[in-house]
Amino acid sequence: MGRQHANKEYSQNLVFKSINNVANSSRPLLATHPGGAVQQLDALFDRACELGASDMHFESGAESFRVRLRIDGHLQVVAHPPMAVRDAMVSRIKVMARMDIAEKRLPQDGRIQFLHKGQSVDVRASSLPTVHGEKLVLRLLHFNQERPTLSALGFEAEDEALLLQAVSRSNGMVLVTGPTGSGKTLSLYSCLEHINREDINVSCVEDPCEIYLPGANQVSIHERAGLTFATALRALLRQDPDIIMVGEIRDAETAEIAIQAAHTGHLVLSTLHTNDAPSTLERQRHMGVAPFQVASSVHLVVAQRLVRRLCSHCKKLSVDEPPIYKPSSCGLCDQGYEGRVGVYQVMPISSTLQQLILQGSDAITLSAQAQQEGIRTLRQAGWRKVLQGVTSAQEVLSLAPDA
């Protein structure tokens, strides 16, 4: 389908700016949208982009079919298309994603790419057989032009200074960790924006590339064709790089190559999926990286989460001590919230932490040392946002309960 699906609102969601919720939008829900499957699907894509959705869920029940959008981390029902168009709509998506429309018994993955107003949108599609029919989930990735400042993402001034100091080095490794959809890639590109110059060779490998960085050499992996993170990283090392950004360290092979690159005069930026900064160091050891390699190459680790930002128009000050703001509701927000903001744990690797890494210390020991050095946990960083009136206590407790 040559339809163009993204717009400025979608791009702004990647920068955690506010968007209106479904109920308050000027456009109606799509439950009674006229036309067949193609027209309704086009309208749903438009709707998802207007609301800044990160995912679209097409779900079948025994006698119903619904579409939900994940907006600011929360799912919302936006449409109940008629059952008469369900199969046609599912088949249309599978054709667009180059899936086998005849195969309904096994999960499938696919990808859709298109342009909208000169901007590229990548959609990763996943199908799953369920009791009442196939479920499809589409993840919307916008190859956008926006590279916000670190402070705009939510970094405190002192944490921003530590991060910029680490990425200004000529070698070593900086890691960003957090769950899927927590804004890790955007944080890395905001760092690259500060150090990207004409006299530096910046190379990026991702799955897929989501953000355009002028002057950088960006590679999207293609596992079916054999272009994995490890394969691409090996090739990049023969391209005379100064800075390498690896979208994700998924396996021991990629971890080993990235560590070696950091040891041989390259600055390596990458991401991992761990709960907090200290556990990232332990995770590398479990992936087979020698402790001395971790200790000598990793200079700083950032753990991050996204929390919803309180609506500046209707948030209410509580009578608690200390006084904090709580969500309310108005016509400009979604149940008291508008957009999201990052919460960050920024942990430089001190000489004491290096010694603990060399000794094979676990994440609990590393975390205790980090706190002695004044490194805030994610929970503590979240409470700081609460006291600043940026988010609510409920958001911090729900997204960072154990950190």
# chains A, B, ... in the order shown; residues from 1 in each chain; ligands from 1

call {"tool": "select_by_dssp", "arguments": {"residues": "stretch 229-268 of chain A", "states": "helix (DSSP H, G or I)", "output": "JSON, numbers by chain"}}
result
{"A": [229, 230, 231, 232, 233, 234, 235, 236, 237, 252, 253, 254, 255, 256, 257, 258, 259, 260, 261, 262, 263]}

call {"tool": "residues_around", "arguments": {"residues": "stretch 386-395 of chain A", "least_positions_apart": "6", "cutoff": "9 Å", "atoms": "only C-alpha atoms", "output": "list in words"}}
result
Val307, Arg308, Arg309, Leu310, Cys311, Ser312, Lys315, Leu317, Pro322, Pro323, Ile324, Tyr325, Lys326, Pro327, Tyr337, Arg340 and Val341 of chain A

call {"tool": "write_last_selection", "arguments": {"atoms": "all heavy atoms", "output": "compact mmCIF listing (two decimals), in the first residue's frame"}}
result
# COMPACT_ATOMS: atom_id res chain seq x y z
N VAL A 307 8.19 7.78 32.03
CA VAL A 307 7.00 7.97 32.86
C VAL A 307 6.13 9.04 32.21
O VAL A 307 6.64 9.92 31.50
CB VAL A 307 7.36 8.39 34.30
CG1 VAL A 307 8.09 7.27 35.01
CG2 VAL A 307 8.19 9.66 34.31
N ARG A 308 4.84 8.96 32.46
CA ARG A 308 3.95 9.97 31.89
C ARG A 308 4.13 11.31 32.59
O ARG A 308 4.30 11.37 33.80
CB ARG A 308 2.50 9.51 31.99
CG ARG A 308 2.17 8.37 31.03
CD ARG A 308 0.70 8.01 31.06
NE ARG A 308 0.31 7.45 32.35
CZ ARG A 308 -0.93 7.15 32.68
NH1 ARG A 308 -1.93 7.38 31.82
NH2 ARG A 308 -1.20 6.64 33.86
N ARG A 309 4.09 12.35 31.79
CA ARG A 309 4.26 13.70 32.30
C ARG A 309 2.90 14.27 32.72
O ARG A 309 1.90 14.14 31.99
CB ARG A 309 4.87 14.60 31.22
CG ARG A 309 5.26 15.98 31.69
CD ARG A 309 5.60 16.85 30.49
NE ARG A 309 6.77 16.39 29.78
CZ ARG A 309 8.01 16.79 30.04
NH1 ARG A 309 8.23 17.68 31.01
NH2 ARG A 309 9.03 16.34 29.33
N LEU A 310 2.84 14.87 33.92
CA LEU A 310 1.60 15.47 34.39
C LEU A 310 1.18 16.62 33.49
O LEU A 310 2.03 17.39 33.00
CB LEU A 310 1.77 15.99 35.82
CG LEU A 310 1.78 14.94 36.93
CD1 LEU A 310 2.25 15.58 38.23
CD2 LEU A 310 0.40 14.32 37.11
N CYS A 311 -0.11 16.74 33.27
CA CYS A 311 -0.63 17.84 32.46
C CYS A 311 -0.37 19.16 33.17
O CYS A 311 -0.74 19.35 34.34
CB CYS A 311 -2.12 17.65 32.23
SG CYS A 311 -2.90 19.01 31.32
N SER A 312 0.27 20.07 32.47
CA SER A 312 0.61 21.36 33.09
C SER A 312 -0.62 22.24 33.30
O SER A 312 -0.57 23.21 34.05
CB SER A 312 1.62 22.10 32.19
OG SER A 312 1.10 22.29 30.89
N LYS A 315 -2.88 19.72 36.61
CA LYS A 315 -2.31 18.99 37.75
C LYS A 315 -2.63 19.73 39.04
O LYS A 315 -2.67 20.96 39.10
CB LYS A 315 -0.81 18.79 37.58
CG LYS A 315 0.01 20.06 37.54
CD LYS A 315 1.48 19.75 37.32
CE LYS A 315 2.32 21.01 37.28
NZ LYS A 315 3.76 20.71 37.05
N LEU A 317 -1.96 20.27 43.28
CA LEU A 317 -1.00 20.15 44.37
C LEU A 317 -1.68 19.50 45.56
O LEU A 317 -2.74 19.93 46.01
CB LEU A 317 -0.45 21.53 44.74
CG LEU A 317 0.74 21.56 45.71
CD1 LEU A 317 1.94 20.85 45.08
CD2 LEU A 317 1.09 23.00 46.07
N PRO A 322 6.37 16.07 51.69
CA PRO A 322 6.34 17.36 51.00
C PRO A 322 5.19 17.41 49.99
O PRO A 322 4.74 16.36 49.54
CB PRO A 322 7.70 17.40 50.29
CG PRO A 322 8.00 15.96 50.02
CD PRO A 322 7.48 15.20 51.20
N PRO A 323 4.72 18.59 49.67
CA PRO A 323 3.62 18.70 48.71
C PRO A 323 4.05 18.21 47.33
O PRO A 323 5.12 18.54 46.85
CB PRO A 323 3.31 20.20 48.70
CG PRO A 323 4.56 20.85 49.19
CD PRO A 323 5.18 19.90 50.15
N ILE A 324 3.23 17.37 46.72
CA ILE A 324 3.51 16.86 45.38
C ILE A 324 2.27 17.03 44.53
O ILE A 324 1.15 17.20 45.03
CB ILE A 324 3.92 15.38 45.41
CG1 ILE A 324 2.82 14.52 46.04
CG2 ILE A 324 5.24 15.20 46.15
CD1 ILE A 324 3.10 13.03 46.00
N TYR A 325 2.46 17.00 43.23
CA TYR A 325 1.35 17.16 42.30
C TYR A 325 0.73 15.81 41.96
O TYR A 325 1.42 14.78 41.89
CB TYR A 325 1.82 17.84 41.02
CG TYR A 325 2.01 19.33 41.17
CD1 TYR A 325 3.26 19.86 41.48
CD2 TYR A 325 0.94 20.21 40.99
CE1 TYR A 325 3.45 21.22 41.62
CE2 TYR A 325 1.12 21.57 41.13
CZ TYR A 325 2.37 22.08 41.45
OH TYR A 325 2.54 23.43 41.59
N LYS A 326 -0.58 15.84 41.76
CA LYS A 326 -1.33 14.65 41.38
C LYS A 326 -2.08 14.91 40.08
O LYS A 326 -2.38 16.06 39.75
CB LYS A 326 -2.32 14.28 42.48
CG LYS A 326 -1.66 13.86 43.79
CD LYS A 326 -2.71 13.45 44.82
CE LYS A 326 -2.03 12.98 46.11
NZ LYS A 326 -3.03 12.56 47.13
N PRO A 327 -2.40 13.85 39.33
CA PRO A 327 -3.12 14.05 38.07
C PRO A 327 -4.57 14.43 38.31
O PRO A 327 -5.20 14.01 39.28
CB PRO A 327 -3.01 12.68 37.40
CG PRO A 327 -2.87 11.71 38.53
CD PRO A 327 -2.06 12.45 39.58
N TYR A 337 -2.51 13.38 32.18
CA TYR A 337 -1.14 13.27 31.67
C TYR A 337 -1.07 13.76 30.22
O TYR A 337 -2.04 13.64 29.46
CB TYR A 337 -0.65 11.83 31.74
CG TYR A 337 -0.57 11.27 33.14
CD1 TYR A 337 -1.63 10.53 33.67
CD2 TYR A 337 0.54 11.50 33.94
CE1 TYR A 337 -1.56 10.00 34.96
CE2 TYR A 337 0.61 10.99 35.24
CZ TYR A 337 -0.44 10.24 35.73
OH TYR A 337 -0.37 9.74 37.00
N ARG A 340 5.34 11.93 27.64
CA ARG A 340 6.20 11.21 28.59
C ARG A 340 7.56 11.91 28.73
O ARG A 340 7.94 12.71 27.88
CB ARG A 340 6.41 9.77 28.13
CG ARG A 340 5.15 8.94 28.22
CD ARG A 340 5.42 7.47 28.01
NE ARG A 340 5.69 7.16 26.62
CZ ARG A 340 5.97 5.93 26.17
NH1 ARG A 340 6.01 4.92 27.03
NH2 ARG A 340 6.21 5.71 24.91
N VAL A 341 8.26 11.57 29.79
CA VAL A 341 9.57 12.13 30.06
C VAL A 341 10.45 11.00 30.59
O VAL A 341 9.96 10.04 31.18
CB VAL A 341 9.49 13.29 31.08
CG1 VAL A 341 9.05 12.78 32.44
CG2 VAL A 341 10.82 14.04 31.18

call {"tool": "closest_residue", "arguments": {"among": "A:Ser91, A:Ser279, A:Thr274, A:Ser182", "to": "A:Arg250", "atoms": "only C-alpha atoms"}}
result
A:Thr274

call {"tool": "residues_around", "arguments": {"residues": "A:Val219", "least_positions_apart": "2", "cutoff": "8 Å", "atoms": "only C-alpha atoms", "output": "PyMOL selection string"}}
result
chain A and resi 203-206+208-209+217+221+232

call {"tool": "select_by_dssp", "arguments": {"residues": "stretch 132-215 of chain A", "states": "strand (DSSP E or B)", "output": "ChimeraX atom specification"}}
result
/A:133-144,172-177,202-206,211

call {"tool": "write_last_selection", "arguments": {"atoms": "N, CA and C atoms", "output": "PDB file, in the first residue's frame"}}
result
ATOM      1  N   GLY A 133      -8.913 -16.483  15.872  1.00  0.00           N
ATOM      2  CA  GLY A 133      -8.375 -15.912  14.640  1.00  0.00           C
ATOM      3  C   GLY A 133      -7.018 -15.279  14.878  1.00  0.00           C
ATOM      4  N   GLU A 134      -6.416 -14.839  13.800  1.00  0.00           N
ATOM      5  CA  GLU A 134      -5.069 -14.268  13.908  1.00  0.00           C
ATOM      6  C   GLU A 134      -5.076 -12.899  14.577  1.00  0.00           C
ATOM      7  N   LYS A 135      -4.091 -12.694  15.459  1.00  0.00           N
ATOM      8  CA  LYS A 135      -3.862 -11.374  16.018  1.00  0.00           C
ATOM      9  C   LYS A 135      -2.649 -10.766  15.330  1.00  0.00           C
ATOM     10  N   LEU A 136      -2.766  -9.494  14.979  1.00  0.00           N
ATOM     11  CA  LEU A 136      -1.664  -8.778  14.352  1.00  0.00           C
ATOM     12  C   LEU A 136      -1.252  -7.611  15.236  1.00  0.00           C
ATOM     13  N   VAL A 137       0.045  -7.458  15.422  1.00  0.00           N
ATOM     14  CA  VAL A 137       0.581  -6.296  16.125  1.00  0.00           C
ATOM     15  C   VAL A 137       1.556  -5.594  15.190  1.00  0.00           C
ATOM     16  N   LEU A 138       1.359  -4.310  15.000  1.00  0.00           N
ATOM     17  CA  LEU A 138       2.216  -3.503  14.140  1.00  0.00           C
ATOM     18  C   LEU A 138       2.950  -2.484  14.998  1.00  0.00           C
ATOM     19  N   ARG A 139       4.265  -2.503  14.943  1.00  0.00           N
ATOM     20  CA  ARG A 139       5.078  -1.504  15.661  1.00  0.00           C
ATOM     21  C   ARG A 139       5.488  -0.422  14.683  1.00  0.00           C
ATOM     22  N   LEU A 140       5.123   0.811  15.003  1.00  0.00           N
ATOM     23  CA  LEU A 140       5.403   1.943  14.131  1.00  0.00           C
ATOM     24  C   LEU A 140       6.729   2.586  14.527  1.00  0.00           C
ATOM     25  N   LEU A 141       7.639   2.608  13.587  1.00  0.00           N
ATOM     26  CA  LEU A 141       8.955   3.219  13.807  1.00  0.00           C
ATOM     27  C   LEU A 141       9.127   4.332  12.803  1.00  0.00           C
ATOM     28  N   HIS A 142       9.381   5.510  13.297  1.00  0.00           N
ATOM     29  CA  HIS A 142       9.479   6.669  12.416  1.00  0.00           C
ATOM     30  C   HIS A 142      10.937   7.060  12.216  1.00  0.00           C
ATOM     31  N   PHE A 143      11.366   7.051  10.962  1.00  0.00           N
ATOM     32  CA  PHE A 143      12.733   7.462  10.608  1.00  0.00           C
ATOM     33  C   PHE A 143      12.756   8.981  10.590  1.00  0.00           C
ATOM     34  N   ASN A 144      12.784   9.571  11.805  1.00  0.00           N
ATOM     35  CA  ASN A 144      12.475  10.987  11.903  1.00  0.00           C
ATOM     36  C   ASN A 144      13.718  11.866  11.916  1.00  0.00           C
ATOM     37  N   GLY A 172      36.489   3.428  24.151  1.00  0.00           N
ATOM     38  CA  GLY A 172      35.707   2.914  25.273  1.00  0.00           C
ATOM     39  C   GLY A 172      34.264   2.670  24.890  1.00  0.00           C
ATOM     40  N   MET A 173      33.457   2.362  25.886  1.00  0.00           N
ATOM     41  CA  MET A 173      32.059   1.978  25.641  1.00  0.00           C
ATOM     42  C   MET A 173      31.121   2.707  26.590  1.00  0.00           C
ATOM     43  N   VAL A 174      29.993   3.158  26.039  1.00  0.00           N
ATOM     44  CA  VAL A 174      28.903   3.731  26.808  1.00  0.00           C
ATOM     45  C   VAL A 174      27.662   2.898  26.517  1.00  0.00           C
ATOM     46  N   LEU A 175      26.996   2.418  27.552  1.00  0.00           N
ATOM     47  CA  LEU A 175      25.846   1.547  27.394  1.00  0.00           C
ATOM     48  C   LEU A 175      24.589   2.212  27.943  1.00  0.00           C
ATOM     49  N   VAL A 176      23.482   2.023  27.227  1.00  0.00           N
ATOM     50  CA  VAL A 176      22.172   2.493  27.680  1.00  0.00           C
ATOM     51  C   VAL A 176      21.275   1.273  27.811  1.00  0.00           C
ATOM     52  N   THR A 177      20.624   1.138  28.949  1.00  0.00           N
ATOM     53  CA  THR A 177      19.816  -0.048  29.196  1.00  0.00           C
ATOM     54  C   THR A 177      18.399   0.329  29.606  1.00  0.00           C
ATOM     55  N   VAL A 202      31.257   8.369  11.785  1.00  0.00           N
ATOM     56  CA  VAL A 202      30.242   7.778  12.651  1.00  0.00           C
ATOM     57  C   VAL A 202      29.506   6.692  11.876  1.00  0.00           C
ATOM     58  N   SER A 203      29.438   5.494  12.439  1.00  0.00           N
ATOM     59  CA  SER A 203      28.750   4.376  11.802  1.00  0.00           C
ATOM     60  C   SER A 203      27.747   3.778  12.766  1.00  0.00           C
ATOM     61  N   CYS A 204      26.561   3.472  12.273  1.00  0.00           N
ATOM     62  CA  CYS A 204      25.475   2.944  13.114  1.00  0.00           C
ATOM     63  C   CYS A 204      24.916   1.676  12.483  1.00  0.00           C
ATOM     64  N   VAL A 205      24.634   0.679  13.301  1.00  0.00           N
ATOM     65  CA  VAL A 205      23.950  -0.523  12.836  1.00  0.00           C
ATOM     66  C   VAL A 205      22.783  -0.779  13.769  1.00  0.00           C
ATOM     67  N   GLU A 206      21.572  -0.904  13.186  1.00  0.00           N
ATOM     68  CA  GLU A 206      20.346  -1.022  13.983  1.00  0.00           C
ATOM     69  C   GLU A 206      19.375  -1.994  13.341  1.00  0.00           C
ATOM     70  N   ILE A 211      16.215   6.764  13.182  1.00  0.00           N
ATOM     71  CA  ILE A 211      16.444   8.206  13.227  1.00  0.00           C
ATOM     72  C   ILE A 211      17.535   8.560  12.236  1.00  0.00           C
TER      73      ILE A 211
END

call {"tool": "residues_around", "arguments": {"residues": "A:Asp240", "least_positions_apart": "2", "cutoff": "12 Å", "atoms": "only C-alpha atoms", "output": "list in words"}}
result
Ile200, Asn201, Val202, Ser203, Asn217, Leu233, Arg234, Ala235, Leu236, Leu237, Arg238, Asp242, Ile243, Ile244, Ala261, Thr264, Gly265 and His266 of chain A

call {"tool": "write_last_selection", "arguments": {"atoms": "all heavy atoms", "output": "short mmCIF file (atom, residue, chain, number, x, y, z; two decimals), in the first residue's frame"}}
result
data_model
loop_
_atom_site.label_atom_id
_atom_site.label_comp_id
_atom_site.auth_asym_id
_atom_site.auth_seq_id
_atom_site.Cartn_x
_atom_site.Cartn_y
_atom_site.Cartn_z
N ILE A 200 34.95 13.21 11.76
CA ILE A 200 34.75 11.96 12.50
C ILE A 200 33.87 11.03 11.68
O ILE A 200 32.86 11.45 11.11
CB ILE A 200 34.09 12.24 13.88
CG1 ILE A 200 35.07 12.97 14.79
CG2 ILE A 200 33.63 10.93 14.53
CD1 ILE A 200 34.49 13.30 16.15
N ASN A 201 34.26 9.77 11.62
CA ASN A 201 33.48 8.76 10.90
C ASN A 201 32.55 8.06 11.88
O ASN A 201 32.99 7.28 12.73
CB ASN A 201 34.41 7.74 10.24
CG ASN A 201 33.65 6.67 9.47
OD1 ASN A 201 32.45 6.79 9.24
ND2 ASN A 201 34.35 5.63 9.07
N VAL A 202 31.26 8.37 11.78
CA VAL A 202 30.24 7.78 12.65
C VAL A 202 29.51 6.69 11.88
O VAL A 202 29.00 6.94 10.77
CB VAL A 202 29.23 8.83 13.14
CG1 VAL A 202 28.15 8.18 14.00
CG2 VAL A 202 29.94 9.93 13.92
N SER A 203 29.44 5.49 12.44
CA SER A 203 28.75 4.38 11.80
C SER A 203 27.75 3.78 12.77
O SER A 203 28.05 3.59 13.96
CB SER A 203 29.75 3.30 11.36
OG SER A 203 30.65 3.81 10.41
N ASN A 217 27.00 6.91 8.71
CA ASN A 217 26.78 5.74 7.86
C ASN A 217 25.89 4.78 8.61
O ASN A 217 26.33 4.14 9.58
CB ASN A 217 28.13 5.09 7.53
CG ASN A 217 29.10 6.06 6.90
OD1 ASN A 217 28.96 6.42 5.74
ND2 ASN A 217 30.08 6.50 7.67
N LEU A 233 28.78 -5.42 12.30
CA LEU A 233 29.79 -4.80 13.16
C LEU A 233 31.20 -5.15 12.67
O LEU A 233 32.09 -4.29 12.65
CB LEU A 233 29.59 -5.27 14.60
CG LEU A 233 30.42 -4.58 15.69
CD1 LEU A 233 30.31 -3.07 15.59
CD2 LEU A 233 29.95 -5.06 17.06
N ARG A 234 31.40 -6.39 12.25
CA ARG A 234 32.70 -6.76 11.68
C ARG A 234 33.02 -5.93 10.44
O ARG A 234 34.15 -5.49 10.24
CB ARG A 234 32.71 -8.25 11.32
CG ARG A 234 32.86 -9.19 12.49
CD ARG A 234 33.27 -10.57 12.02
NE ARG A 234 33.23 -11.52 13.12
CZ ARG A 234 32.19 -12.27 13.42
NH1 ARG A 234 31.07 -12.16 12.72
NH2 ARG A 234 32.23 -13.11 14.43
N ALA A 235 32.00 -5.75 9.60
CA ALA A 235 32.21 -4.97 8.38
C ALA A 235 32.51 -3.51 8.70
O ALA A 235 33.38 -2.88 8.07
CB ALA A 235 30.98 -5.07 7.48
N LEU A 236 31.83 -2.96 9.69
CA LEU A 236 32.06 -1.56 10.06
C LEU A 236 33.49 -1.35 10.56
O LEU A 236 34.07 -0.28 10.34
CB LEU A 236 31.06 -1.13 11.12
CG LEU A 236 29.60 -0.96 10.68
CD1 LEU A 236 28.74 -0.51 11.86
CD2 LEU A 236 29.48 0.04 9.55
N LEU A 237 34.04 -2.34 11.22
CA LEU A 237 35.40 -2.21 11.74
C LEU A 237 36.43 -2.12 10.62
O LEU A 237 37.56 -1.67 10.84
CB LEU A 237 35.72 -3.37 12.67
CG LEU A 237 35.02 -3.34 14.03
CD1 LEU A 237 35.30 -4.63 14.80
CD2 LEU A 237 35.47 -2.12 14.83
N ARG A 238 36.05 -2.54 9.40
CA ARG A 238 36.94 -2.41 8.26
C ARG A 238 36.67 -1.12 7.48
O ARG A 238 37.25 -0.91 6.41
CB ARG A 238 36.77 -3.62 7.33
CG ARG A 238 37.16 -4.95 7.98
CD ARG A 238 37.22 -6.08 6.98
NE ARG A 238 35.90 -6.43 6.47
CZ ARG A 238 35.10 -7.35 7.01
NH1 ARG A 238 35.50 -8.01 8.09
NH2 ARG A 238 33.93 -7.63 6.48
N ASP A 242 35.43 5.91 13.64
CA ASP A 242 35.83 6.54 14.90
C ASP A 242 34.82 6.21 15.99
O ASP A 242 35.18 5.91 17.13
CB ASP A 242 35.92 8.06 14.72
CG ASP A 242 37.01 8.46 13.75
OD1 ASP A 242 38.17 8.12 14.00
OD2 ASP A 242 36.69 9.10 12.72
N ILE A 243 33.53 6.32 15.63
CA ILE A 243 32.43 6.05 16.57
C ILE A 243 31.51 5.02 15.96
O ILE A 243 31.11 5.13 14.79
CB ILE A 243 31.65 7.34 16.88
CG1 ILE A 243 32.58 8.39 17.51
CG2 ILE A 243 30.48 7.05 17.82
CD1 ILE A 243 31.95 9.75 17.63
N ILE A 244 31.15 4.01 16.76
CA ILE A 244 30.24 2.97 16.31
C ILE A 244 29.04 2.93 17.25
O ILE A 244 29.21 2.84 18.48
CB ILE A 244 30.91 1.58 16.28
CG1 ILE A 244 32.11 1.60 15.33
CG2 ILE A 244 29.92 0.50 15.87
CD1 ILE A 244 32.93 0.32 15.37
N ALA A 261 36.23 -3.67 19.82
CA ALA A 261 36.26 -2.37 19.14
C ALA A 261 36.56 -1.25 20.12
O ALA A 261 37.31 -0.32 19.83
CB ALA A 261 34.92 -2.12 18.43
N THR A 264 40.23 -1.10 20.92
CA THR A 264 41.18 -0.82 19.83
C THR A 264 41.00 0.56 19.24
O THR A 264 41.15 0.75 18.03
CB THR A 264 41.05 -1.89 18.73
OG1 THR A 264 39.67 -1.97 18.30
CG2 THR A 264 41.47 -3.25 19.24
N GLY A 265 40.64 1.53 20.09
CA GLY A 265 40.63 2.91 19.64
C GLY A 265 39.35 3.43 19.07
O GLY A 265 39.34 4.43 18.34
N HIS A 266 38.22 2.76 19.37
CA HIS A 266 36.93 3.23 18.89
C HIS A 266 36.01 3.54 20.08
O HIS A 266 36.09 2.88 21.12
CB HIS A 266 36.25 2.16 18.02
CG HIS A 266 37.10 1.65 16.90
ND1 HIS A 266 37.94 0.57 17.06
CD2 HIS A 266 37.27 2.09 15.64
CE1 HIS A 266 38.57 0.35 15.92
NE2 HIS A 266 38.20 1.26 15.04
#

call {"tool": "closest_residue", "arguments": {"among": "A:Ala97, A:Asp72, A:Val131, A:Asn196", "to": "A:Ser60", "atoms": "only C-alpha atoms"}}
result
A:Val131

call {"tool": "closest_residue", "arguments": {"among": "A:Cys314, A:Leu51, A:Gln108, A:Ser187", "to": "A:Cys330", "atoms": "only C-alpha atoms"}}
result
A:Cys314
